[in-house]
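Student: You'll find input-v1.cif just under this line, and it carries mmCIF, C-alpha atoms and all ligand atoms.
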```cif
data_final
loop_
_atom_site.label_atom_id
_atom_site.label_comp_id
_atom_site.auth_asym_id
_atom_site.auth_seq_id
_atom_site.Cartn_x
_atom_site.Cartn_y
_atom_site.Cartn_z
CA MET E 1 -62.03 -67.57 7.89
CA ASN E 2 -62.08 -67.45 11.68
CA SER E 3 -59.37 -69.58 13.16
CA VAL E 4 -58.57 -70.99 16.56
CA LEU E 5 -55.59 -72.75 18.11
CA LEU E 6 -56.32 -75.37 20.77
CA ILE E 7 -53.54 -76.20 23.22
CA GLN E 8 -54.55 -79.12 25.40
CA GLN E 9 -52.79 -82.23 26.61
CA ASP E 10 -55.92 -84.40 26.86
CA GLU E 11 -56.31 -85.57 23.28
CA PRO E 12 -59.87 -86.99 23.35
CA ASP E 13 -61.27 -83.81 24.96
CA ARG E 14 -59.32 -81.60 22.57
CA GLU E 15 -60.52 -83.53 19.53
CA ALA E 16 -64.14 -83.35 20.74
CA LEU E 17 -63.91 -79.56 21.00
CA ALA E 18 -62.14 -79.35 17.62
CA ARG E 19 -65.03 -81.30 16.05
CA HIS E 20 -67.56 -78.87 17.54
CA LEU E 21 -65.59 -75.90 16.24
CA ARG E 22 -65.10 -77.33 12.73
CA HIS E 23 -68.80 -78.10 12.61
CA ALA E 24 -69.46 -74.42 13.44
CA GLY E 25 -67.23 -73.34 10.52
CA TRP E 26 -63.94 -72.70 12.34
CA HIS E 27 -60.48 -73.47 11.07
CA VAL E 28 -58.72 -75.32 13.91
CA TRP E 29 -55.09 -76.03 14.74
CA GLU E 30 -54.32 -78.39 17.61
CA CYS E 31 -51.33 -79.27 19.76
CA SER E 32 -50.62 -80.64 23.22
CA THR E 33 -47.79 -78.52 24.64
CA ARG E 34 -47.36 -74.79 25.16
CA GLU E 35 -44.04 -74.81 23.27
CA GLU E 36 -45.79 -76.22 20.19
CA GLY E 37 -48.63 -73.78 20.84
CA LEU E 38 -46.36 -70.73 20.77
CA ALA E 39 -44.71 -71.90 17.56
CA LEU E 40 -48.07 -72.62 15.86
CA ALA E 41 -49.49 -69.26 16.98
CA ARG E 42 -46.50 -67.42 15.49
CA GLN E 43 -46.77 -69.42 12.27
CA HIS E 44 -50.55 -69.17 11.67
CA ARG E 45 -51.71 -66.09 13.67
CA PRO E 46 -55.07 -67.51 14.78
CA ALA E 47 -57.86 -65.18 15.90
CA VAL E 48 -58.20 -67.05 19.22
CA VAL E 49 -55.88 -69.22 21.31
CA LEU E 50 -57.60 -71.54 23.77
CA TRP E 51 -55.17 -73.01 26.29
CA HIS E 52 -55.98 -75.68 28.88
CA ALA E 53 -53.25 -74.64 31.29
CA THR E 54 -51.85 -77.32 33.60
CA THR E 55 -48.67 -75.39 34.43
CA GLN E 56 -47.68 -74.64 38.05
CA GLY E 57 -45.42 -72.11 39.74
CA GLU E 58 -45.26 -68.33 39.72
CA ASP E 59 -44.74 -68.22 35.95
CA ARG E 60 -47.58 -70.60 35.19
CA PHE E 61 -49.22 -68.21 32.70
CA GLU E 62 -46.01 -67.17 30.97
CA LEU E 63 -47.45 -68.38 27.66
CA CYS E 64 -50.09 -65.60 27.86
CA ARG E 65 -47.34 -63.01 28.27
CA ASP E 66 -45.33 -64.53 25.39
CA LEU E 67 -48.37 -64.40 23.09
CA ARG E 68 -49.34 -60.90 24.23
CA SER E 69 -45.86 -59.45 23.75
CA ASP E 70 -45.41 -60.78 20.20
CA PRO E 71 -46.07 -57.87 17.81
CA GLY E 72 -47.08 -60.34 15.07
CA LEU E 73 -49.96 -61.51 17.28
CA ALA E 74 -51.52 -58.11 18.04
CA GLY E 75 -55.26 -58.58 18.49
CA VAL E 76 -55.09 -62.31 19.31
CA ARG E 77 -57.72 -63.32 21.88
CA ILE E 78 -56.54 -65.66 24.63
CA ILE E 79 -58.78 -67.95 26.67
CA VAL E 80 -57.30 -69.86 29.61
CA VAL E 81 -59.10 -72.94 30.92
CA ARG E 82 -57.92 -74.20 34.30
CA GLY E 83 -58.67 -77.43 36.16
CA GLY E 84 -61.43 -77.47 38.78
CA GLY E 85 -60.62 -75.89 42.15
CA GLN E 86 -58.24 -73.37 40.58
CA ALA E 87 -60.70 -70.52 40.09
CA ASP E 88 -58.40 -68.36 42.25
CA ASP E 89 -56.00 -68.29 39.31
CA GLN E 90 -58.28 -65.95 37.35
CA PRO E 91 -56.64 -62.64 38.45
CA LEU E 92 -53.14 -63.88 37.62
CA ALA E 93 -54.20 -65.35 34.26
CA MET E 94 -55.97 -62.14 33.26
CA ALA E 95 -53.14 -59.93 34.52
CA SER E 96 -50.80 -62.07 32.39
CA GLY E 97 -52.80 -61.19 29.28
CA ALA E 98 -55.72 -63.65 29.05
CA ASP E 99 -58.96 -62.15 27.70
CA ALA E 100 -61.14 -64.74 29.39
CA PHE E 101 -60.77 -67.42 32.03
CA ALA E 102 -62.87 -70.51 32.67
CA THR E 103 -62.58 -73.45 35.05
CA ALA E 104 -62.96 -77.00 33.76
CA PRO E 105 -65.14 -78.82 33.11
CA VAL E 106 -66.70 -76.51 30.52
CA ALA E 107 -69.17 -77.88 27.97
CA PRO E 108 -67.78 -77.67 24.39
CA ALA E 109 -70.87 -75.68 23.33
CA ASP E 110 -70.08 -73.04 25.99
CA LEU E 111 -66.47 -72.81 24.80
CA VAL E 112 -67.59 -72.43 21.18
CA ARG E 113 -69.87 -69.58 22.30
CA LEU E 114 -67.07 -67.87 24.18
CA ILE E 115 -64.61 -68.28 21.29
CA THR E 116 -67.18 -66.90 18.84
CA LEU E 117 -67.95 -63.95 21.08
CA LEU E 118 -64.30 -62.97 21.45
CA ALA E 119 -63.56 -63.36 17.74
CA VAL E 120 -66.36 -61.13 16.41
CA PRO E 121 -64.61 -58.23 14.68
CA SER E 122 -64.19 -55.16 16.75
CA PRO E 123 -67.08 -52.69 16.15
CA GLY E 124 -64.65 -49.77 16.33
CA ALA E 125 -63.11 -50.94 13.07
CA ALA E 126 -66.23 -49.66 11.30
CA ASP E 127 -66.20 -46.33 13.11
CA SER E 128 -64.84 -43.14 11.63
CA ALA E 129 -61.05 -42.87 11.38
CA ASN E 130 -61.16 -40.21 14.09
CA ALA E 131 -62.79 -42.57 16.56
CA ALA E 132 -59.63 -44.65 16.70
CA HIS E 133 -57.90 -41.71 18.40
CA GLU E 134 -60.62 -40.92 20.90
CA THR E 135 -62.13 -42.34 24.03
CA VAL E 136 -65.75 -41.27 24.37
CA VAL E 137 -67.68 -41.56 27.64
CA ARG E 138 -71.49 -41.20 27.37
CA PHE E 139 -73.90 -41.04 30.29
CA TRP E 140 -77.14 -42.98 29.77
CA GLY E 141 -78.22 -43.21 33.42
CA VAL E 142 -76.84 -41.21 36.36
CA ARG E 143 -79.39 -41.76 39.13
CA GLY E 144 -79.01 -44.01 42.18
CA SER E 145 -81.42 -46.38 43.89
CA ILE E 146 -84.55 -46.08 41.69
CA PRO E 147 -85.48 -44.31 38.43
CA ALA E 148 -86.80 -40.84 39.15
CA PRO E 149 -88.54 -39.41 36.08
CA GLY E 150 -90.57 -36.22 36.24
CA ARG E 151 -90.49 -32.47 35.93
CA GLY E 152 -87.94 -32.11 38.71
CA THR E 153 -85.29 -34.26 37.02
CA LEU E 154 -85.47 -33.12 33.38
CA GLU E 155 -82.06 -31.46 33.50
CA TYR E 156 -79.92 -34.28 34.95
CA GLY E 157 -82.17 -37.23 34.10
CA GLY E 158 -84.00 -39.93 36.00
CA ASN E 159 -82.53 -43.22 34.70
CA THR E 160 -80.33 -45.42 36.88
CA SER E 161 -76.65 -46.20 36.34
CA CYS E 162 -75.40 -46.87 32.83
CA ILE E 163 -72.34 -45.43 31.08
CA GLU E 164 -70.99 -46.26 27.63
CA VAL E 165 -67.26 -46.10 26.93
CA ARG E 166 -65.98 -46.37 23.36
CA ALA E 167 -62.24 -46.81 23.19
CA ASP E 168 -59.62 -48.70 21.22
CA GLY E 169 -62.28 -50.38 19.07
CA GLU E 170 -64.27 -51.64 22.06
CA ILE E 171 -67.72 -50.83 23.37
CA ILE E 172 -67.71 -51.15 27.14
CA VAL E 173 -70.88 -50.54 29.14
CA LEU E 174 -70.60 -49.77 32.85
CA ASP E 175 -73.66 -51.18 34.65
CA SER E 176 -77.06 -51.95 33.21
CA GLY E 177 -79.44 -49.73 35.13
CA SER E 178 -82.53 -48.38 33.38
CA GLY E 179 -80.35 -46.08 31.21
CA ILE E 180 -79.21 -49.11 29.18
CA ARG E 181 -82.62 -49.27 27.50
CA LEU E 182 -81.96 -46.06 25.55
CA LEU E 183 -78.39 -47.13 24.78
CA GLY E 184 -79.81 -50.36 23.33
CA HIS E 185 -82.11 -48.42 20.97
CA GLU E 186 -79.21 -46.24 19.86
CA LEU E 187 -76.94 -49.25 19.19
CA ALA E 188 -79.67 -51.08 17.28
CA SER E 189 -80.18 -48.13 14.94
CA GLU E 190 -76.42 -47.58 14.54
CA PHE E 191 -75.47 -51.20 13.79
CA LYS E 192 -78.62 -52.30 11.91
CA VAL E 193 -77.64 -55.61 10.21
CA ARG E 194 -74.01 -55.56 11.36
CA PRO E 195 -73.15 -57.84 14.31
CA LEU E 196 -72.45 -56.00 17.52
CA ARG E 197 -69.95 -57.09 20.17
CA LEU E 198 -69.84 -55.40 23.52
CA THR E 199 -68.80 -55.98 27.11
CA ILE E 200 -70.91 -55.00 30.12
CA LEU E 201 -69.03 -54.50 33.39
CA ILE E 202 -71.30 -54.84 36.41
CA THR E 203 -70.23 -53.17 39.67
CA HIS E 204 -72.77 -55.10 41.78
CA THR E 205 -76.21 -56.58 41.49
CA HIS E 206 -78.29 -54.04 43.42
CA TRP E 207 -81.34 -53.56 41.29
CA ASP E 208 -80.52 -50.04 40.12
CA HIS E 209 -77.44 -51.50 38.35
CA ILE E 210 -79.06 -54.44 36.54
CA GLN E 211 -82.76 -53.59 36.14
CA GLY E 212 -82.43 -52.24 32.59
CA PHE E 213 -80.93 -55.41 31.10
CA PRO E 214 -84.27 -57.14 30.32
CA PHE E 215 -85.07 -54.11 28.11
CA PHE E 216 -81.71 -54.03 26.28
CA LEU E 217 -82.64 -54.48 22.61
CA PRO E 218 -79.30 -55.94 21.39
CA ALA E 219 -79.85 -58.96 23.68
CA TYR E 220 -82.87 -59.85 21.53
CA ASP E 221 -80.91 -60.10 18.26
CA ARG E 222 -79.10 -63.36 17.46
CA LYS E 223 -76.33 -61.64 15.50
CA ASN E 224 -75.12 -59.84 18.63
CA HIS E 225 -72.50 -60.96 21.14
CA ILE E 226 -72.72 -59.66 24.68
CA ARG E 227 -70.26 -60.46 27.42
CA ILE E 228 -71.25 -59.61 30.99
CA LEU E 229 -68.49 -59.47 33.61
CA GLY E 230 -68.88 -58.82 37.30
CA HIS E 231 -68.13 -60.13 40.73
CA GLU E 232 -70.50 -62.81 41.90
CA GLY E 233 -73.55 -61.46 43.65
CA ALA E 234 -73.30 -61.13 47.40
CA ARG E 235 -75.10 -64.44 47.88
CA GLU E 236 -75.94 -65.93 44.48
CA SER E 237 -73.97 -66.35 41.27
CA LEU E 238 -74.06 -63.53 38.74
CA THR E 239 -75.78 -65.79 36.19
CA ARG E 240 -78.42 -66.75 38.74
CA ILE E 241 -79.17 -63.12 39.61
CA PHE E 242 -79.45 -62.00 35.98
CA SER E 243 -81.82 -64.93 35.35
CA LEU E 244 -83.79 -64.35 38.55
CA GLN E 245 -85.00 -60.85 37.62
CA MET E 246 -86.38 -62.33 34.37
CA GLU E 247 -88.26 -65.22 35.97
CA GLY E 248 -92.00 -65.72 35.63
CA PRO E 249 -93.37 -63.57 38.44
CA PHE E 250 -91.29 -60.57 37.35
CA PHE E 251 -90.89 -60.68 33.56
CA PRO E 252 -92.53 -62.41 30.57
CA ILE E 253 -89.33 -63.61 28.81
CA ASP E 254 -86.83 -65.97 30.41
CA PHE E 255 -83.12 -65.05 30.35
CA LYS E 256 -82.37 -68.35 28.57
CA GLU E 257 -84.79 -67.44 25.77
CA LEU E 258 -82.82 -64.31 24.78
CA PRO E 259 -81.65 -64.90 21.19
CA GLY E 260 -78.38 -62.91 21.48
CA HIS E 261 -75.12 -64.72 22.29
CA ILE E 262 -74.73 -63.80 25.94
CA VAL E 263 -71.88 -65.00 28.13
CA ILE E 264 -71.70 -64.17 31.84
CA GLU E 265 -68.34 -64.47 33.59
CA GLU E 266 -67.59 -63.94 37.25
CA LEU E 267 -64.55 -61.86 38.08
CA GLN E 268 -62.29 -62.10 41.05
CA ASN E 269 -60.79 -58.84 42.29
CA GLY E 270 -57.91 -58.01 39.95
CA GLU E 271 -56.70 -56.86 36.55
CA PHE E 272 -57.52 -57.89 33.01
CA SER E 273 -57.89 -56.53 29.48
CA ILE E 274 -60.80 -55.97 27.11
CA GLY E 275 -58.96 -55.80 23.80
CA ARG E 276 -56.40 -53.05 24.34
CA VAL E 277 -58.29 -51.49 27.26
CA ARG E 278 -56.69 -52.38 30.61
CA VAL E 279 -59.14 -52.87 33.48
CA ARG E 280 -58.47 -52.84 37.23
CA THR E 281 -61.03 -53.52 39.95
CA VAL E 282 -61.32 -52.75 43.65
CA PHE E 283 -63.90 -53.65 46.31
CA THR E 284 -65.70 -50.50 47.39
CA ASN E 285 -67.29 -49.77 50.77
CA HIS E 286 -70.93 -50.63 50.04
CA PRO E 287 -73.40 -53.28 51.32
CA GLY E 288 -72.74 -56.70 49.77
CA ALA E 289 -69.91 -57.04 47.28
CA CYS E 290 -69.41 -54.05 44.99
CA LEU E 291 -66.59 -53.36 42.53
CA GLY E 292 -65.13 -50.13 41.23
CA TYR E 293 -63.54 -50.15 37.76
CA ARG E 294 -60.54 -48.31 36.38
CA LEU E 295 -60.25 -48.40 32.58
CA THR E 296 -57.03 -47.32 30.88
CA THR E 297 -57.27 -46.68 27.15
CA ASP E 298 -54.78 -45.30 24.63
CA GLN E 299 -56.12 -41.81 25.46
CA GLY E 300 -56.37 -41.86 29.24
CA THR E 301 -57.94 -43.34 32.35
CA ILE E 302 -61.53 -43.43 33.58
CA ALA E 303 -62.37 -44.53 37.12
CA TYR E 304 -65.96 -45.50 37.95
CA LEU E 305 -67.10 -46.04 41.56
CA PRO E 306 -70.85 -45.44 41.47
CA ASP E 307 -71.57 -46.88 44.92
CA ASN E 308 -68.94 -46.18 47.52
CA GLU E 309 -68.68 -44.54 50.94
CA PRO E 310 -65.06 -43.52 50.93
CA CYS E 311 -64.29 -42.42 54.49
CA TYR E 312 -66.29 -44.73 56.74
CA LEU E 313 -65.79 -48.45 57.01
CA VAL E 314 -68.65 -50.80 57.74
CA HIS E 315 -69.38 -53.13 54.83
CA PRO E 316 -68.14 -56.73 54.84
CA GLN E 317 -66.18 -56.92 51.59
CA ALA E 318 -64.24 -53.76 52.32
CA ARG E 319 -63.86 -54.84 55.96
CA ALA E 320 -62.48 -58.21 54.83
CA GLN E 321 -59.75 -56.29 53.02
CA LEU E 322 -58.93 -53.98 55.90
CA GLY E 323 -60.31 -54.69 59.40
CA GLU E 324 -62.18 -52.47 61.92
CA LEU E 325 -65.28 -50.24 61.78
CA GLY E 326 -66.16 -46.61 61.70
CA ARG E 327 -65.14 -43.18 60.48
CA GLY E 328 -61.77 -42.07 61.80
CA SER E 329 -60.58 -45.63 62.57
CA SER E 330 -57.34 -46.77 61.03
CA ALA E 331 -59.26 -49.15 58.76
CA ALA E 332 -61.55 -46.34 57.55
CA GLN E 333 -58.42 -44.34 56.83
CA ALA E 334 -57.00 -47.33 54.94
CA GLN E 335 -60.21 -47.61 52.88
CA GLU E 336 -59.98 -43.90 52.07
CA ASP E 337 -56.33 -44.35 51.04
CA LEU E 338 -57.32 -47.31 48.87
CA THR E 339 -59.98 -45.26 47.03
CA ARG E 340 -57.60 -42.32 46.59
CA GLU E 341 -54.85 -44.49 45.11
CA PHE E 342 -57.33 -46.34 42.89
CA ILE E 343 -58.48 -43.10 41.22
CA ARG E 344 -55.08 -41.36 41.30
CA GLY E 345 -54.14 -39.40 38.20
CA ALA E 346 -57.21 -40.42 36.19
CA GLU E 347 -58.43 -38.06 33.50
CA VAL E 348 -62.08 -38.80 34.33
CA VAL E 349 -63.43 -39.98 37.68
CA ILE E 350 -67.10 -40.82 38.24
CA LEU E 351 -67.90 -41.07 41.95
CA ASP E 352 -70.85 -41.77 44.19
CA SER E 353 -71.78 -38.33 45.64
CA GLN E 354 -75.32 -39.08 46.69
CA TYR E 355 -75.51 -36.86 49.79
CA ASP E 356 -74.56 -33.38 50.87
CA ALA E 357 -72.78 -32.91 54.21
CA ARG E 358 -75.99 -32.22 56.13
CA GLU E 359 -77.81 -35.32 54.79
CA TYR E 360 -74.76 -37.48 55.29
CA LYS E 361 -74.79 -36.96 59.07
CA SER E 362 -77.88 -39.17 59.36
CA ARG E 363 -76.80 -41.62 56.62
CA MET E 364 -73.34 -42.68 57.66
CA GLY E 365 -72.78 -46.35 57.00
CA TRP E 366 -75.39 -46.55 54.22
CA GLY E 367 -72.63 -47.12 51.67
CA HIS E 368 -72.88 -43.87 49.70
CA GLY E 369 -70.58 -40.89 49.40
CA CYS E 370 -70.81 -37.36 50.78
CA VAL E 371 -69.94 -34.71 48.20
CA ASP E 372 -67.43 -32.95 50.49
CA ASP E 373 -65.47 -36.18 51.07
CA VAL E 374 -65.56 -37.06 47.38
CA VAL E 375 -64.24 -33.65 46.26
CA ARG E 376 -61.44 -33.77 48.85
CA LEU E 377 -60.39 -37.25 47.70
CA ALA E 378 -60.49 -36.33 44.00
CA ILE E 379 -58.33 -33.25 44.66
CA GLN E 380 -55.82 -35.27 46.69
CA ALA E 381 -55.72 -37.89 43.91
CA GLU E 382 -54.96 -35.14 41.36
CA VAL E 383 -57.66 -36.23 38.93
CA GLN E 384 -58.51 -33.90 36.05
CA ARG E 385 -62.27 -34.14 35.90
CA LEU E 386 -64.76 -35.29 38.54
CA TYR E 387 -68.34 -36.27 37.76
CA LEU E 388 -70.70 -36.37 40.74
CA PHE E 389 -72.80 -39.51 40.20
CA HIS E 390 -75.54 -41.75 41.64
CA HIS E 391 -77.79 -38.77 42.29
CA ASP E 392 -80.33 -39.34 45.04
CA PRO E 393 -83.83 -40.03 43.62
CA ASP E 394 -85.18 -37.32 45.97
CA HIS E 395 -82.79 -34.68 44.64
CA ASP E 396 -84.29 -32.46 41.96
CA ASP E 397 -82.28 -30.49 39.39
CA ALA E 398 -81.98 -27.44 41.65
CA LYS E 399 -80.59 -29.54 44.49
CA ILE E 400 -78.02 -31.22 42.24
CA ALA E 401 -76.97 -27.83 40.81
CA SER E 402 -76.48 -26.53 44.36
CA MET E 403 -74.29 -29.57 45.17
CA VAL E 404 -72.15 -28.80 42.11
CA ASP E 405 -71.76 -25.19 43.33
CA GLN E 406 -70.73 -26.46 46.75
CA ALA E 407 -68.23 -28.90 45.19
CA ARG E 408 -66.71 -26.17 42.99
CA SER E 409 -66.36 -23.74 45.89
CA LEU E 410 -64.56 -26.44 47.89
CA ALA E 411 -62.18 -26.96 44.95
CA ALA E 412 -61.63 -23.20 44.67
CA ALA E 413 -60.85 -23.02 48.41
CA HIS E 414 -58.20 -25.68 47.84
CA LYS E 415 -56.92 -23.75 44.76
CA SER E 416 -57.39 -26.96 42.77
CA PRO E 417 -57.64 -26.87 38.94
CA ILE E 418 -60.00 -29.88 38.98
CA VAL E 419 -63.07 -29.65 36.71
CA ILE E 420 -66.26 -30.68 38.53
CA GLU E 421 -69.63 -31.46 36.98
CA ALA E 422 -72.70 -33.46 37.89
CA ALA E 423 -73.15 -36.41 35.52
CA ARG E 424 -76.07 -35.64 33.24
CA GLU E 425 -78.12 -38.09 31.20
CA GLY E 426 -77.22 -37.57 27.52
CA GLY E 427 -73.96 -35.85 28.43
CA GLN E 428 -70.58 -37.04 27.19
CA CYS E 429 -66.89 -36.30 27.37
CA THR E 430 -64.06 -37.15 25.01
CA LEU E 431 -60.46 -38.00 25.80
CA ARG E 432 -57.79 -37.34 23.18
CA ARG E 433 -54.09 -37.88 23.44
CA PRO E 434 -52.49 -34.44 23.60
ZN ZN P 1 -76.61 -47.99 43.26
ZN ZN P 2 -75.77 -50.50 45.60
#
```
How does the structure come out when it is put into structure tokens?
Tutor:
Amino acid sequence: MNSVLLIQQDEPDREALARHLRHAGWHVWECSTREEGLALARQHRPAVVLWHATTQGEDRFELCRDLRSDPGLAGVRIIVVRGGGQADDQPLAMASGADAFATAPVAPADLVRLITLLAVPSPGAADSANAAHETVVRFWGVRGSIPAPGRGTLEYGGNTSCIEVRADGEIIVLDSGSGIRLLGHELASEFKVRPLRLTILITHTHWDHIQGFPFFLPAYDRKNHIRILGHEGARESLTRIFSLQMEGPFFPIDFKELPGHIVIEELQNGEFSIGRVRVRTVFTNHPGACLGYRLTTDQGTIAYLPDNEPCYLVHPQARAQLGELGRGSSAAQAQEDLTREFIRGAEVVILDSQYDAREYKSRMGWGHGCVDDVVRLAIQAEVQRLYLFHHDPDHDDAKIASMVDQARSLAAAHKSPIVIEAAREGGQCTLRRP
């Protein structure tokens, strides 16, 4: 039976949540202090620990680390709930080992949903034995800005950003551009009557990164559990923006009517885990607020920065981190250094390479990368494999192929062993531990 441990000082609130959980079929243990909590967790090995943390000081999330480092508790899911006004604690809680973070007050029904979502058995457990030793990256959408179907894009594909990563028993989806529609069909036929649990990481809410979600079949099946994580939109909350694109004038079905269990959580910049996969984020140089993700699995590291102008600083979120404007300024240099260090040593790096050097001259400051800059950075960061990504909707297959040639000749001139390809819809790569 699924089991949960509740650690919360406030007894009436804790009992109310325990009642909700028991009603939903959960076995519940309860206690009021973290010391009791640690002892109970070690004794009963619950699937989920939900902790209302009131601790202060630098070590305030030490309990997460204690739980995470106990070999008898491998696979435990940890949810930290923090008092109002302490949302800034999210990065520290997640870096300390929490799987999810929420700020009080949270309705018991929402907590039950989150607990259920985290406790659904890992889909990887049903995969072939081999899959446990592999990280597989599949490209479902590689295009930037707007879908570009047609004869000119048959080779590389016309769907917008969506990548599937299967690793360490997790299914992680990077962005939900129009490519996610085909991924949804594939998952539905693979899982059939089995429940599906997956996490979608959103870089930002520009339309080419979220427009496919209303057509994602698993969201329409009540046995499925979907967790969407991303930074808040530039002006509205992430939940609001996902709902907005499904409102009456734009779409026939409201977000709230989707039968799947869907939880949206807003991330601060920082580090956290999805099961055993470690995730780091960075703000990229792009209009609004846009994240890059770095996923580290048992087999290697994948860095994904689909929208980023690496060597020119103009956009507010990046500027807030670093200062001044313009290519060649010290802040632009700092932004370039930040990108280089973020991708350093990764086995697979997927980077915004929307323009060639000639196009880029008239598009500086638009928030997208120039292939020459991207190749130079990837070489300096000593990455193994670079995928050019976020192809311009006006670039046909021949143009993209010529950009790959240009990128490879730059690498050859630098005598770099880096492997360079253009991301291709339907393409995939596999990481294995040597
Ligand atoms: Zn984009
Ligand atoms: Zn964008």
Student: Pick the closest to ligand ZN 1 (chain P) from E:Phe216, E:Trp207, E:Phe255, E:Phe283: which is it, counting only C-alpha atoms and all ligand atoms?
Tutor: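 For ligand ZN 1 (chain P), the nearest of the given residues is E:Trp207.
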Student: One number please: CA of Val404 (chain E) to CA of Lys361 (chain E), in Å, one decimal.
Tutor: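 For CA of Val404 (chain E) relative to CA of Lys361 (chain E), the distance reads 19.0 Å.
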Student: Taking only C-alpha atoms and all ligand atoms into account, list the residues no farther than 12 Å from ligand ZN 2 (chain P), as JSON, numbers by chain.
Tutor: {"E": [143, 144, 145, 146, 160, 161, 175, 177, 202, 203, 204, 205, 206, 207, 208, 209, 210, 233, 234, 284, 285, 286, 287, 288, 289, 290, 291, 292, 305, 306, 307, 308, 309, 315, 352, 354, 366, 367, 368, 369, 390]}
Student: Please enclose the listed atoms of region 175-192 of chain E in an axis-aligned box, pad each side by 6 Å, and write out the centre and the three edge lengths in Å, rounded to one decimal, as AutoDock Vina command-line options.
Tutor:
```
--center_x -78.1 --center_y -49.2 --center_z 23.5 --size_x 21.0 --size_y 18.2 --size_z 35.2
```
Student: CA of Arg408 (chain E) and CA of Ala378 (chain E) are how many Å apart?
Tutor: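 Distance reported for this atom pair: 12.0 Å.
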Student: Need the shell around Val193 (chain E): protein/DNA/RNA residues with any atom at most 10 Å away, counting all atoms listed in the file. Skip same-chain ones fewer than 4 positions apart. Format as a PyMOL selection string?
Tutor: chain E and resi 188-189+221+223-224
Student: Which is closer to ligand ZN 1 (chain P) than all the others in E:Cys162, E:Leu386, E:Ala16, E:Ile302, using all atoms listed in the file?
Tutor: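 Result for the nearest residue to ligand ZN 1 (chain P): E:Cys162.
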Student: Could you list, as an mmCIF file with C-alpha atoms, in the coordinates of the input, every residue within 12 Å of Gly37 (chain E), counting only C-alpha atoms and ignoring same-chain residues fewer than 2 positions away?
Tutor:
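After the write, selection.cif holds the following:
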```cif
data_model
loop_
_atom_site.group_PDB
_atom_site.id
_atom_site.type_symbol
_atom_site.label_atom_id
_atom_site.label_comp_id
_atom_site.auth_asym_id
_atom_site.auth_seq_id
_atom_site.Cartn_x
_atom_site.Cartn_y
_atom_site.Cartn_z
ATOM 1 C CA VAL E 4 -58.570 -70.990 16.560
ATOM 2 C CA LEU E 5 -55.590 -72.750 18.110
ATOM 3 C CA LEU E 6 -56.320 -75.370 20.770
ATOM 4 C CA ILE E 7 -53.540 -76.200 23.220
ATOM 5 C CA GLN E 8 -54.550 -79.120 25.400
ATOM 6 C CA GLN E 9 -52.790 -82.230 26.610
ATOM 7 C CA TRP E 29 -55.090 -76.030 14.740
ATOM 8 C CA GLU E 30 -54.320 -78.390 17.610
ATOM 9 C CA CYS E 31 -51.330 -79.270 19.760
ATOM 10 C CA SER E 32 -50.620 -80.640 23.220
ATOM 11 C CA THR E 33 -47.790 -78.520 24.640
ATOM 12 C CA ARG E 34 -47.360 -74.790 25.160
ATOM 13 C CA GLU E 35 -44.040 -74.810 23.270
ATOM 14 C CA ALA E 39 -44.710 -71.900 17.560
ATOM 15 C CA LEU E 40 -48.070 -72.620 15.860
ATOM 16 C CA ALA E 41 -49.490 -69.260 16.980
ATOM 17 C CA ARG E 42 -46.500 -67.420 15.490
ATOM 18 C CA GLN E 43 -46.770 -69.420 12.270
ATOM 19 C CA HIS E 44 -50.550 -69.170 11.670
ATOM 20 C CA ARG E 45 -51.710 -66.090 13.670
ATOM 21 C CA PRO E 46 -55.070 -67.510 14.780
ATOM 22 C CA VAL E 48 -58.200 -67.050 19.220
ATOM 23 C CA VAL E 49 -55.880 -69.220 21.310
ATOM 24 C CA LEU E 50 -57.600 -71.540 23.770
ATOM 25 C CA TRP E 51 -55.170 -73.010 26.290
ATOM 26 C CA HIS E 52 -55.980 -75.680 28.880
ATOM 27 C CA ALA E 53 -53.250 -74.640 31.290
ATOM 28 C CA LEU E 63 -47.450 -68.380 27.660
ATOM 29 C CA CYS E 64 -50.090 -65.600 27.860
ATOM 30 C CA ASP E 66 -45.330 -64.530 25.390
ATOM 31 C CA LEU E 67 -48.370 -64.400 23.090
ATOM 32 C CA ILE E 78 -56.540 -65.660 24.630
#
```
Student: N, CA and C atoms are what I want for region 301-306 of chain E; can you complete it accordingly and write them as a PDB file, in the frame of the given file?
Tutor:
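Contents of rebuild_27.pdb, freshly written:
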```pdb
ATOM      1  N   THR E 301     -57.374 -42.431  31.346  1.00  0.00           N
ATOM      2  CA  THR E 301     -57.940 -43.340  32.350  1.00  0.00           C
ATOM      3  C   THR E 301     -59.265 -42.812  32.880  1.00  0.00           C
ATOM      4  N   ILE E 302     -60.203 -43.753  33.039  1.00  0.00           N
ATOM      5  CA  ILE E 302     -61.530 -43.430  33.580  1.00  0.00           C
ATOM      6  C   ILE E 302     -61.744 -44.318  34.798  1.00  0.00           C
ATOM      7  N   ALA E 303     -62.063 -43.719  35.930  1.00  0.00           N
ATOM      8  CA  ALA E 303     -62.370 -44.530  37.120  1.00  0.00           C
ATOM      9  C   ALA E 303     -63.846 -44.377  37.442  1.00  0.00           C
ATOM     10  N   TYR E 304     -64.499 -45.483  37.744  1.00  0.00           N
ATOM     11  CA  TYR E 304     -65.960 -45.500  37.950  1.00  0.00           C
ATOM     12  C   TYR E 304     -66.257 -46.215  39.268  1.00  0.00           C
ATOM     13  N   LEU E 305     -66.690 -45.455  40.271  1.00  0.00           N
ATOM     14  CA  LEU E 305     -67.100 -46.040  41.560  1.00  0.00           C
ATOM     15  C   LEU E 305     -68.466 -45.472  41.905  1.00  0.00           C
ATOM     16  N   PRO E 306     -69.523 -46.052  41.336  1.00  0.00           N
ATOM     17  CA  PRO E 306     -70.850 -45.440  41.470  1.00  0.00           C
ATOM     18  C   PRO E 306     -71.450 -45.610  42.861  1.00  0.00           C
TER      19      PRO E 306
END
```
